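Here the structure comes first, spelled out in structure tokens, and everything after it is commentary.
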Amino acid sequence: MILLVEGPDGERQVPLDTFPFEIGRQPENHLVLADARVSRHHARLLAEDGRIFVEDRNSRLGISVNGQSAKRAAVAQGDLIELGPYRLRIAMRRADGFARLREILEVARAMDGTLATPKLLEAIVDAAVRVTESDRGFLFLRREERVEMAAARDAGGAPLNETCLRVPRKLVEEALSRREAFAINFDADREIDPGQTVMLLELRSSVFVPLPRAGGLLYLDSRSAGADLAAGNRELLETLALEASAVLESARGFEESERRRKLEDELTLAREVQRNLQPREYPREGWLKAWGASIPSRQIAGDSFDIRALPGDRWAFGILDVSGKGAGAALLAALLQGALFMASGTLVETVARLNRFLLDRQQGEQYATLFVATLHKDGTLRYVNAGHPPPIHLGGKPLAATGMPLGLIESGEWEMETVRLAPRDRLILYSDGLSDAIPAAKLPTDDEGLHAALAALNEPEDDVTVLVIDYDSA
């Protein structure tokens, strides 16, 4: 015998092979119910003269049997025992009916769910067919908006395909919405129209076992006998539903953990690719020095920046910010960065081509702000600011926008501005994630203060990127 236990911590089965069988909150009980509404020694089950009795042990909230308060009462299969928030039922265990299912389930649990394969689903169907002595069994699972057949077997363990089912789908859909097992005996219930499919298959009965916790359904049918859902068989089916739900939850938990692991592996690779797109080395000597940093709000950022040496003793640098967050924004930022610094022509021509590139692929659903510039040794700075926050210019005026963001309209126009930097001028390029986190008036402008401010941004609301350019012609 087993005890079916349902409560706030889920459903489980406990072997009922020791009497007296103690129930309570303390760990020495045979059944430990860790809830404050259960007394330390709440109740016990006794075997006397071939019968089973439940007895209250002076608990604080008492017990009830089939809805009636009781101090001591005889109980049999199907009777409901309630204590605190828990519901208990006694069921008979058929070792032959569940042996394979239990064995595979235990192996799967021991291996952290690594047997979450069709073998588990087939074991559920095999056990259901054996317990109900049916000819065929089918397991259906709800996946998103669809109901799919996950496994099907006959009484000999041979696999079946969905074309073998030939039972109206409306019966399956109706059964999925119910919470208790039910049967249809086509040769006894004259009110039910069996339909041509049932007649062709010569079915005598069908059994439907919903698995509400797992979003599934077991369907079983037989040509040789009518279904019997008397108390004992119903308890067996409820036990089967618990076991099947445990298998499916274990399998889904494993699949979810595998999905998360693969996603984390992909994000780790994406982070590494994104780091490699950032400058490997910054100029530390000569008339231009620079450093930069990027802090993603998620694992990968939709911001990007770069600085590169150009022929003729010049440098090109820029920063861009793609709308949105996550992998999509990060991928688009990487594409735009590559297109930006591999392009030829003037800054205005390059920005116009990037706008066309973004419109062709995003149809206006995403946009990007951009600041891109070239700096000569004599301090001549040419730049285009496409809707990006104006960089801070220590020694001069902020470098305001000269056009709209990229990817909004095809007819966008941008102008290139030219300014002259003086020795020891500093430019601080940043994304709006930084200004959202730290008001521009309070933003430190020295290296030590900037590094400290960035280090304090552990989980920014938006991606934060900074690129610092120091000019000194001396």
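Residue numbering restarts at 1 in every chain; chains get A, B, ... in the order shown in the structure tokens, and ligands count up from 1 in that same order.
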
Residue contacts of A:Asp9 (10 Å, only C-alpha atoms) excluding same-chain residues fewer than 2 positions away, as a PyMOL selection string: chain A and resi 5-7+11-12+33-35+85-86

Counting only C-alpha atoms, the residue of A:Glu448, A:Asp378, A:Glu459, A:Glu264 that sits nearest A:Arg314: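 Closest to A:Arg314, using only C-alpha atoms: A:Asp378.
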
A:Ala453 environment, 10 Å, only C-alpha atoms, sequence neighbours closer than 6 positions dropped, as a PDB file with N, CA and C atoms, in the first residue's frame:
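Saved the output as result17.pdb:
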ATOM      1  N   LEU A 434      24.829  56.220 -19.315  1.00  0.00           N
ATOM      2  CA  LEU A 434      25.626  56.878 -18.279  1.00  0.00           C
ATOM      3  C   LEU A 434      24.923  58.130 -17.774  1.00  0.00           C
ATOM      4  N   ALA A 437      22.161  57.301 -15.455  1.00  0.00           N
ATOM      5  CA  ALA A 437      22.591  56.846 -14.132  1.00  0.00           C
ATOM      6  C   ALA A 437      23.241  57.964 -13.325  1.00  0.00           C
ATOM      7  N   ILE A 438      23.984  58.840 -14.013  1.00  0.00           N
ATOM      8  CA  ILE A 438      24.696  59.936 -13.337  1.00  0.00           C
ATOM      9  C   ILE A 438      24.446  61.223 -14.114  1.00  0.00           C
ATOM     10  N   LEU A 443      28.940  64.276 -13.238  1.00  0.00           N
ATOM     11  CA  LEU A 443      29.845  63.259 -13.765  1.00  0.00           C
ATOM     12  C   LEU A 443      31.301  63.692 -13.583  1.00  0.00           C
ATOM     13  N   PRO A 444      32.122  62.869 -12.929  1.00  0.00           N
ATOM     14  CA  PRO A 444      33.550  63.208 -12.806  1.00  0.00           C
ATOM     15  C   PRO A 444      34.187  63.251 -14.187  1.00  0.00           C
ATOM     16  N   ASP A 447      40.264  60.787 -14.761  1.00  0.00           N
ATOM     17  CA  ASP A 447      40.310  59.331 -14.936  1.00  0.00           C
ATOM     18  C   ASP A 447      39.911  58.592 -13.664  1.00  0.00           C
TER      19      ASP A 447
END

Strand (DSSP E or B) call set, DSSP backbone run, stretch 270-362 of chain A, as a list in words: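 So the strand (DSSP E or B) residues in stretch 270-362 of chain A would be Leu288, Lys289, Ala290, Trp291, Gly292, Ala293, Ser294, Ile295, Asp303, Ser304, Phe305, Asp306, Ile307, Arg308, Ala309, Leu310, Arg314, Trp315, Ala316, Phe317, Gly318, Ile319, Leu320, Asp321 and Val322 of chain A.
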
For those residues, write N, CA and C atoms to a file as a JSON list (two decimals), in the first residue's frame.
[["chain", "number", "residue", "atom", "x", "y", "z"],
["A", 288, "LEU", "N", 47.94, 61.77, -28.97],
["A", 288, "LEU", "CA", 46.58, 61.33, -28.62],
["A", 288, "LEU", "C", 46.65, 60.14, -27.70],
["A", 289, "LYS", "N", 45.90, 60.22, -26.63],
["A", 289, "LYS", "CA", 45.78, 59.10, -25.69],
["A", 289, "LYS", "C", 44.29, 58.82, -25.50],
["A", 290, "ALA", "N", 43.96, 57.57, -25.20],
["A", 290, "ALA", "CA", 42.54, 57.22, -25.09],
["A", 290, "ALA", "C", 42.36, 55.99, -24.20],
["A", 291, "TRP", "N", 41.16, 55.85, -23.69],
["A", 291, "TRP", "CA", 40.73, 54.61, -23.03],
["A", 291, "TRP", "C", 39.20, 54.56, -23.08],
["A", 292, "GLY", "N", 38.66, 53.35, -22.95],
["A", 292, "GLY", "CA", 37.21, 53.21, -23.01],
["A", 292, "GLY", "C", 36.73, 52.05, -22.16],
["A", 293, "ALA", "N", 35.44, 51.99, -21.93],
["A", 293, "ALA", "CA", 34.83, 50.91, -21.13],
["A", 293, "ALA", "C", 33.37, 50.79, -21.51],
["A", 294, "SER", "N", 32.83, 49.58, -21.35],
["A", 294, "SER", "CA", 31.42, 49.33, -21.64],
["A", 294, "SER", "C", 30.85, 48.40, -20.58],
["A", 295, "ILE", "N", 29.69, 48.76, -20.02],
["A", 295, "ILE", "CA", 29.03, 47.95, -18.99],
["A", 295, "ILE", "C", 27.62, 47.61, -19.51],
["A", 303, "ASP", "N", 25.44, 48.88, -27.08],
["A", 303, "ASP", "CA", 26.38, 49.98, -27.36],
["A", 303, "ASP", "C", 27.63, 49.42, -28.02],
["A", 304, "SER", "N", 28.36, 50.30, -28.69],
["A", 304, "SER", "CA", 29.64, 49.91, -29.27],
["A", 304, "SER", "C", 30.51, 51.14, -29.43],
["A", 305, "PHE", "N", 31.81, 50.95, -29.41],
["A", 305, "PHE", "CA", 32.73, 52.06, -29.62],
["A", 305, "PHE", "C", 34.02, 51.52, -30.22],
["A", 306, "ASP", "N", 34.79, 52.41, -30.83],
["A", 306, "ASP", "CA", 36.05, 51.98, -31.43],
["A", 306, "ASP", "C", 36.94, 53.20, -31.63],
["A", 307, "ILE", "N", 38.23, 52.95, -31.76],
["A", 307, "ILE", "CA", 39.20, 53.98, -32.12],
["A", 307, "ILE", "C", 40.28, 53.32, -32.98],
["A", 308, "ARG", "N", 40.61, 53.96, -34.11],
["A", 308, "ARG", "CA", 41.55, 53.36, -35.04],
["A", 308, "ARG", "C", 42.47, 54.43, -35.62],
["A", 309, "ALA", "N", 43.71, 54.01, -35.88],
["A", 309, "ALA", "CA", 44.68, 54.90, -36.53],
["A", 309, "ALA", "C", 44.40, 54.93, -38.02],
["A", 310, "LEU", "N", 44.55, 56.12, -38.62],
["A", 310, "LEU", "CA", 44.36, 56.30, -40.06],
["A", 310, "LEU", "C", 45.66, 56.80, -40.68],
["A", 314, "ARG", "N", 46.44, 60.47, -38.46],
["A", 314, "ARG", "CA", 45.09, 60.82, -38.02],
["A", 314, "ARG", "C", 44.52, 59.65, -37.23],
["A", 315, "TRP", "N", 43.47, 59.96, -36.49],
["A", 315, "TRP", "CA", 42.74, 58.92, -35.76],
["A", 315, "TRP", "C", 41.25, 59.06, -36.06],
["A", 316, "ALA", "N", 40.59, 57.93, -36.15],
["A", 316, "ALA", "CA", 39.12, 57.91, -36.25],
["A", 316, "ALA", "C", 38.58, 57.25, -35.00],
["A", 317, "PHE", "N", 37.50, 57.80, -34.47],
["A", 317, "PHE", "CA", 36.88, 57.18, -33.29],
["A", 317, "PHE", "C", 35.38, 57.47, -33.31],
["A", 318, "GLY", "N", 34.65, 56.64, -32.59],
["A", 318, "GLY", "CA", 33.21, 56.83, -32.57],
["A", 318, "GLY", "C", 32.54, 55.98, -31.50],
["A", 319, "ILE", "N", 31.28, 56.29, -31.27],
["A", 319, "ILE", "CA", 30.47, 55.56, -30.30],
["A", 319, "ILE", "C", 29.05, 55.51, -30.86],
["A", 320, "LEU", "N", 28.38, 54.37, -30.70],
["A", 320, "LEU", "CA", 27.01, 54.24, -31.19],
["A", 320, "LEU", "C", 26.17, 53.50, -30.17],
["A", 321, "ASP", "N", 24.88, 53.73, -30.23],
["A", 321, "ASP", "CA", 23.93, 53.15, -29.27],
["A", 321, "ASP", "C", 22.68, 52.73, -30.04],
["A", 322, "VAL", "N", 22.43, 51.42, -30.09],
["A", 322, "VAL", "CA", 21.26, 50.88, -30.78],
["A", 322, "VAL", "C", 20.09, 50.83, -29.80]]

All residues 8 Å or closer to A:Glu122, only C-alpha atoms, same chain fewer than 6 positions away omitted, as JSON, numbers by chain: {"A": [151, 152, 153]}

Members of stretch 261-436 of chain A assigned helix (DSSP H, G or I) by DSSP, as a PyMOL selection string: chain A and resi 261-277+326-342+347-362+432-436

Counting only C-alpha atoms, which residues in stretch 295-389 of chain A sit no more than 6 Å from stretch 404-421 of chain A? For each one, give the nearest pair of atoms and the distance in Å, sorted by chain then residue number, as CSV.
residue,atom,partner,partner_atom,distance
A:Asn355,CA,A:Leu406,CA,4.8
A:Leu358,CA,A:Gly407,CA,5.1
A:Leu359,CA,A:Gly407,CA,4.9
A:Gly364,CA,A:Leu408,CA,5.3
A:Tyr367,CA,A:Gly407,CA,4.7
A:Ala368,CA,A:Leu406,CA,5.2
A:Thr369,CA,A:Pro405,CA,4.8
A:Gly379,CA,A:Leu421,CA,4.7
A:Thr380,CA,A:Arg420,CA,4.7
A:Leu381,CA,A:Val419,CA,5.3
A:Arg382,CA,A:Thr418,CA,4.5
A:Tyr383,CA,A:Glu417,CA,5.5
A:Val384,CA,A:Met416,CA,5.0
A:Ala386,CA,A:Pro405,CA,4.8
A:Gly387,CA,A:Pro405,CA,4.6

What would the file look like if the residues just selected were written as an mmCIF file, in the first residue's frame with N, CA, C and O atoms?
data_model
loop_
_atom_site.group_PDB
_atom_site.id
_atom_site.type_symbol
_atom_site.label_atom_id
_atom_site.label_comp_id
_atom_site.auth_asym_id
_atom_site.auth_seq_id
_atom_site.Cartn_x
_atom_site.Cartn_y
_atom_site.Cartn_z
ATOM 1 N N ASN A 355 22.600 54.731 -42.505
ATOM 2 C CA ASN A 355 21.160 54.951 -42.363
ATOM 3 C C ASN A 355 20.387 54.059 -43.333
ATOM 4 O O ASN A 355 19.383 53.439 -42.971
ATOM 5 N N LEU A 358 20.551 50.403 -42.196
ATOM 6 C CA LEU A 358 19.667 50.118 -41.065
ATOM 7 C C LEU A 358 18.206 50.090 -41.494
ATOM 8 O O LEU A 358 17.432 49.220 -41.067
ATOM 9 N N LEU A 359 17.800 51.006 -42.355
ATOM 10 C CA LEU A 359 16.420 51.028 -42.832
ATOM 11 C C LEU A 359 16.081 49.776 -43.635
ATOM 12 O O LEU A 359 14.997 49.198 -43.501
ATOM 13 N N GLY A 364 12.610 50.570 -39.914
ATOM 14 C CA GLY A 364 12.230 51.582 -38.946
ATOM 15 C C GLY A 364 11.899 51.062 -37.562
ATOM 16 O O GLY A 364 11.496 51.829 -36.684
ATOM 17 N N TYR A 367 16.437 51.942 -34.229
ATOM 18 C CA TYR A 367 17.251 53.052 -34.689
ATOM 19 C C TYR A 367 18.543 53.076 -33.874
ATOM 20 O O TYR A 367 18.713 52.319 -32.905
ATOM 21 N N ALA A 368 19.456 53.935 -34.269
ATOM 22 C CA ALA A 368 20.736 54.030 -33.558
ATOM 23 C C ALA A 368 21.184 55.481 -33.538
ATOM 24 O O ALA A 368 20.961 56.231 -34.495
ATOM 25 N N THR A 369 21.782 55.875 -32.435
ATOM 26 C CA THR A 369 22.448 57.175 -32.365
ATOM 27 C C THR A 369 23.943 56.946 -32.533
ATOM 28 O O THR A 369 24.469 55.886 -32.167
ATOM 29 N N GLY A 379 45.070 69.159 -34.326
ATOM 30 C CA GLY A 379 43.901 69.444 -33.500
ATOM 31 C C GLY A 379 42.608 69.611 -34.274
ATOM 32 O O GLY A 379 41.554 69.868 -33.671
ATOM 33 N N THR A 380 42.663 69.476 -35.596
ATOM 34 C CA THR A 380 41.443 69.621 -36.397
ATOM 35 C C THR A 380 40.540 68.400 -36.181
ATOM 36 O O THR A 380 40.942 67.260 -36.471
ATOM 37 N N LEU A 381 39.345 68.661 -35.666
ATOM 38 C CA LEU A 381 38.383 67.593 -35.392
ATOM 39 C C LEU A 381 37.184 67.772 -36.308
ATOM 40 O O LEU A 381 36.537 68.830 -36.303
ATOM 41 N N ARG A 382 36.933 66.767 -37.125
ATOM 42 C CA ARG A 382 35.737 66.756 -37.973
ATOM 43 C C ARG A 382 34.812 65.674 -37.433
ATOM 44 O O ARG A 382 35.233 64.541 -37.197
ATOM 45 N N TYR A 383 33.527 66.012 -37.289
ATOM 46 C CA TYR A 383 32.627 65.031 -36.676
ATOM 47 C C TYR A 383 31.220 65.145 -37.233
ATOM 48 O O TYR A 383 30.820 66.182 -37.765
ATOM 49 N N VAL A 384 30.467 64.050 -37.093
ATOM 50 C CA VAL A 384 29.029 64.003 -37.349
ATOM 51 C C VAL A 384 28.386 63.417 -36.104
ATOM 52 O O VAL A 384 28.813 62.358 -35.613
ATOM 53 N N ALA A 386 24.925 62.028 -35.014
ATOM 54 C CA ALA A 386 23.594 61.601 -35.450
ATOM 55 C C ALA A 386 22.725 61.308 -34.232
ATOM 56 O O ALA A 386 22.519 60.155 -33.845
ATOM 57 N N GLY A 387 22.237 62.370 -33.601
ATOM 58 C CA GLY A 387 21.302 62.238 -32.492
ATOM 59 C C GLY A 387 21.889 61.668 -31.217
ATOM 60 O O GLY A 387 21.139 61.258 -30.317
#

Between atom CA of A:Pro27 and atom CA of A:Ala47 - distance in Å to one decimal: 22.2 Å

Distance criterion (only C-alpha atoms): nearest to A:Tyr471 out of A:Leu375, A:Ala334, A:Leu450, A:Ala401: A:Leu375

Selection: 7 Å around stretch 132-147 of chain A, only C-alpha atoms, excl. self and same-chain fewer than 5 positions, as a ChimeraX atom specification: /A:125,152-155,215-223

Those same residues, written as a PDB file, in the first residue's frame with C-alpha atoms?
ATOM      1  CA  VAL A 125       2.437   4.932 -21.582  1.00  0.00           C
ATOM      2  CA  ALA A 152       2.062   5.987 -28.216  1.00  0.00           C
ATOM      3  CA  ARG A 153       2.384   2.252 -27.511  1.00  0.00           C
ATOM      4  CA  ASP A 154       0.333  -0.896 -27.762  1.00  0.00           C
ATOM      5  CA  ALA A 155      -0.011  -3.594 -25.093  1.00  0.00           C
ATOM      6  CA  GLY A 215      -0.329  19.988 -19.045  1.00  0.00           C
ATOM      7  CA  GLY A 216      -0.858  16.532 -20.466  1.00  0.00           C
ATOM      8  CA  LEU A 217      -3.297  13.678 -20.976  1.00  0.00           C
ATOM      9  CA  LEU A 218      -3.110   9.910 -21.108  1.00  0.00           C
ATOM     10  CA  TYR A 219      -5.628   8.335 -23.460  1.00  0.00           C
ATOM     11  CA  LEU A 220      -6.137   4.545 -23.350  1.00  0.00           C
ATOM     12  CA  ASP A 221      -8.602   2.319 -25.171  1.00  0.00           C
ATOM     13  CA  SER A 222      -9.545  -1.321 -25.393  1.00  0.00           C
ATOM     14  CA  ARG A 223     -11.361  -3.641 -27.766  1.00  0.00           C
TER      15      ARG A 223
END

Residues near A:Ser431, cut-off 7 Å, only C-alpha atoms, skip fewer than 6 positions along chain, as a list in words: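 In the requested format, the answer is Asp321, Pro389, Val464, Thr465 and Val466 of chain A.
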
Could those residues be written to a file, using N, CA and C atoms, as a tab-separated table (two decimals), in the first residue's frame?
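New file again-v1.tsv:
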chain	number	residue	atom	x	y	z
A	321	ASP	N	24.88	53.73	-30.23
A	321	ASP	CA	23.93	53.15	-29.27
A	321	ASP	C	22.68	52.73	-30.04
A	389	PRO	N	24.04	61.75	-27.53
A	389	PRO	CA	24.34	62.74	-26.49
A	389	PRO	C	25.64	63.47	-26.80
A	464	VAL	N	25.92	51.11	-20.55
A	464	VAL	CA	26.76	52.28	-20.28
A	464	VAL	C	28.08	52.11	-21.03
A	465	THR	N	28.42	53.09	-21.84
A	465	THR	CA	29.67	53.06	-22.59
A	465	THR	C	30.34	54.42	-22.52
A	466	VAL	N	31.66	54.40	-22.35
A	466	VAL	CA	32.44	55.64	-22.25
A	466	VAL	C	33.71	55.48	-23.10

Surrounding residues of stretch 22-25 of chain A excluding itself and chain neighbours under 5 positions, 8 Å, only C-alpha atoms, as a list of chain:residue names: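 In the requested format, the answer is A:His30, A:Leu31, A:Val32, A:Leu33, A:Ala34, A:Asp35, A:Ala36, A:Val38, A:Ser39, A:Arg40, A:His41, A:His42, A:Ala43, A:Arg44, A:Leu45.
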
Output for the residues just chosen: all heavy atoms as a compact mmCIF listing (two decimals), in the first residue's frame:
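Contents of out.txt, as written:
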# COMPACT_ATOMS: atom_id res chain seq x y z
N HIS A 30 7.06 8.99 10.39
CA HIS A 30 7.18 8.30 9.11
C HIS A 30 6.82 9.22 7.95
O HIS A 30 7.44 9.16 6.89
CB HIS A 30 6.27 7.06 9.09
CG HIS A 30 6.63 6.04 10.12
ND1 HIS A 30 6.00 5.94 11.34
CD2 HIS A 30 7.58 5.08 10.12
CE1 HIS A 30 6.52 4.96 12.05
NE2 HIS A 30 7.49 4.41 11.34
N LEU A 31 5.82 10.07 8.15
CA LEU A 31 5.46 11.08 7.16
C LEU A 31 5.63 12.44 7.81
O LEU A 31 4.92 12.80 8.76
CB LEU A 31 4.01 10.89 6.70
CG LEU A 31 3.45 11.99 5.78
CD1 LEU A 31 4.27 12.11 4.50
CD2 LEU A 31 1.98 11.73 5.46
N VAL A 32 6.60 13.20 7.31
CA VAL A 32 6.90 14.52 7.87
C VAL A 32 6.22 15.58 7.00
O VAL A 32 6.45 15.66 5.79
CB VAL A 32 8.43 14.77 7.91
CG1 VAL A 32 8.71 16.17 8.47
CG2 VAL A 32 9.11 13.70 8.75
N LEU A 33 5.36 16.37 7.62
CA LEU A 33 4.65 17.45 6.94
C LEU A 33 5.13 18.77 7.52
O LEU A 33 4.74 19.17 8.62
CB LEU A 33 3.13 17.29 7.12
CG LEU A 33 2.55 15.93 6.66
CD1 LEU A 33 1.07 15.86 6.97
CD2 LEU A 33 2.81 15.70 5.19
N ALA A 34 6.00 19.44 6.79
CA ALA A 34 6.67 20.64 7.30
C ALA A 34 5.80 21.87 7.11
O ALA A 34 6.05 22.70 6.23
CB ALA A 34 8.02 20.81 6.62
N ASP A 35 4.76 21.98 7.91
CA ASP A 35 3.88 23.14 7.85
C ASP A 35 3.44 23.48 9.28
O ASP A 35 3.13 22.59 10.07
CB ASP A 35 2.66 22.81 6.98
CG ASP A 35 1.82 24.05 6.70
OD1 ASP A 35 1.09 24.49 7.61
OD2 ASP A 35 1.89 24.57 5.57
N ALA A 36 3.42 24.76 9.60
CA ALA A 36 3.10 25.19 10.97
C ALA A 36 1.69 24.79 11.39
O ALA A 36 1.40 24.72 12.59
CB ALA A 36 3.28 26.70 11.09
N VAL A 38 0.44 21.92 11.02
CA VAL A 38 0.50 20.51 11.41
C VAL A 38 1.21 20.41 12.75
O VAL A 38 2.28 21.02 12.95
CB VAL A 38 1.25 19.68 10.34
CG1 VAL A 38 1.38 18.23 10.79
CG2 VAL A 38 0.51 19.76 9.00
N SER A 39 0.65 19.67 13.68
CA SER A 39 1.28 19.50 15.00
C SER A 39 2.51 18.61 14.90
O SER A 39 2.69 17.87 13.93
CB SER A 39 0.28 18.89 15.99
OG SER A 39 -0.83 19.75 16.17
N ARG A 40 3.36 18.69 15.94
CA ARG A 40 4.58 17.87 15.94
C ARG A 40 4.26 16.39 15.78
O ARG A 40 4.91 15.67 15.04
CB ARG A 40 5.36 18.12 17.23
CG ARG A 40 5.95 19.52 17.33
CD ARG A 40 6.78 19.66 18.61
NE ARG A 40 7.42 20.96 18.68
CZ ARG A 40 6.84 22.04 19.21
NH1 ARG A 40 5.60 21.95 19.69
NH2 ARG A 40 7.49 23.19 19.25
N HIS A 41 3.28 15.91 16.52
CA HIS A 41 2.80 14.53 16.40
C HIS A 41 1.29 14.63 16.19
O HIS A 41 0.52 14.65 17.14
CB HIS A 41 3.14 13.72 17.65
CG HIS A 41 4.62 13.63 17.89
ND1 HIS A 41 5.43 12.77 17.21
CD2 HIS A 41 5.43 14.32 18.74
CE1 HIS A 41 6.68 12.91 17.63
NE2 HIS A 41 6.70 13.86 18.56
N HIS A 42 0.89 14.70 14.93
CA HIS A 42 -0.48 15.09 14.59
C HIS A 42 -1.45 13.89 14.58
O HIS A 42 -2.53 13.96 15.16
CB HIS A 42 -0.50 15.77 13.22
CG HIS A 42 -1.73 16.58 12.98
ND1 HIS A 42 -1.71 17.95 12.88
CD2 HIS A 42 -3.03 16.24 12.84
CE1 HIS A 42 -2.93 18.41 12.68
NE2 HIS A 42 -3.76 17.36 12.64
N ALA A 43 -1.05 12.82 13.90
CA ALA A 43 -1.96 11.67 13.76
C ALA A 43 -1.14 10.42 13.49
O ALA A 43 0.08 10.48 13.29
CB ALA A 43 -2.95 11.92 12.63
N ARG A 44 -1.85 9.27 13.46
CA ARG A 44 -1.17 8.04 13.09
C ARG A 44 -2.17 7.08 12.47
O ARG A 44 -3.38 7.16 12.70
CB ARG A 44 -0.49 7.40 14.29
CG ARG A 44 -1.43 6.97 15.40
CD ARG A 44 -0.61 6.42 16.55
NE ARG A 44 -1.44 6.14 17.72
CZ ARG A 44 -0.96 5.70 18.88
NH1 ARG A 44 0.34 5.49 19.01
NH2 ARG A 44 -1.77 5.46 19.89
N LEU A 45 -1.64 6.16 11.65
CA LEU A 45 -2.43 5.10 11.05
C LEU A 45 -2.12 3.79 11.76
O LEU A 45 -0.94 3.46 12.00
CB LEU A 45 -2.11 4.98 9.55
CG LEU A 45 -2.51 6.20 8.69
CD1 LEU A 45 -1.95 6.06 7.29
CD2 LEU A 45 -4.02 6.36 8.64

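You will find atom CA of A:Arg178 at 6.6 Å from atom CA of A:Pro210.
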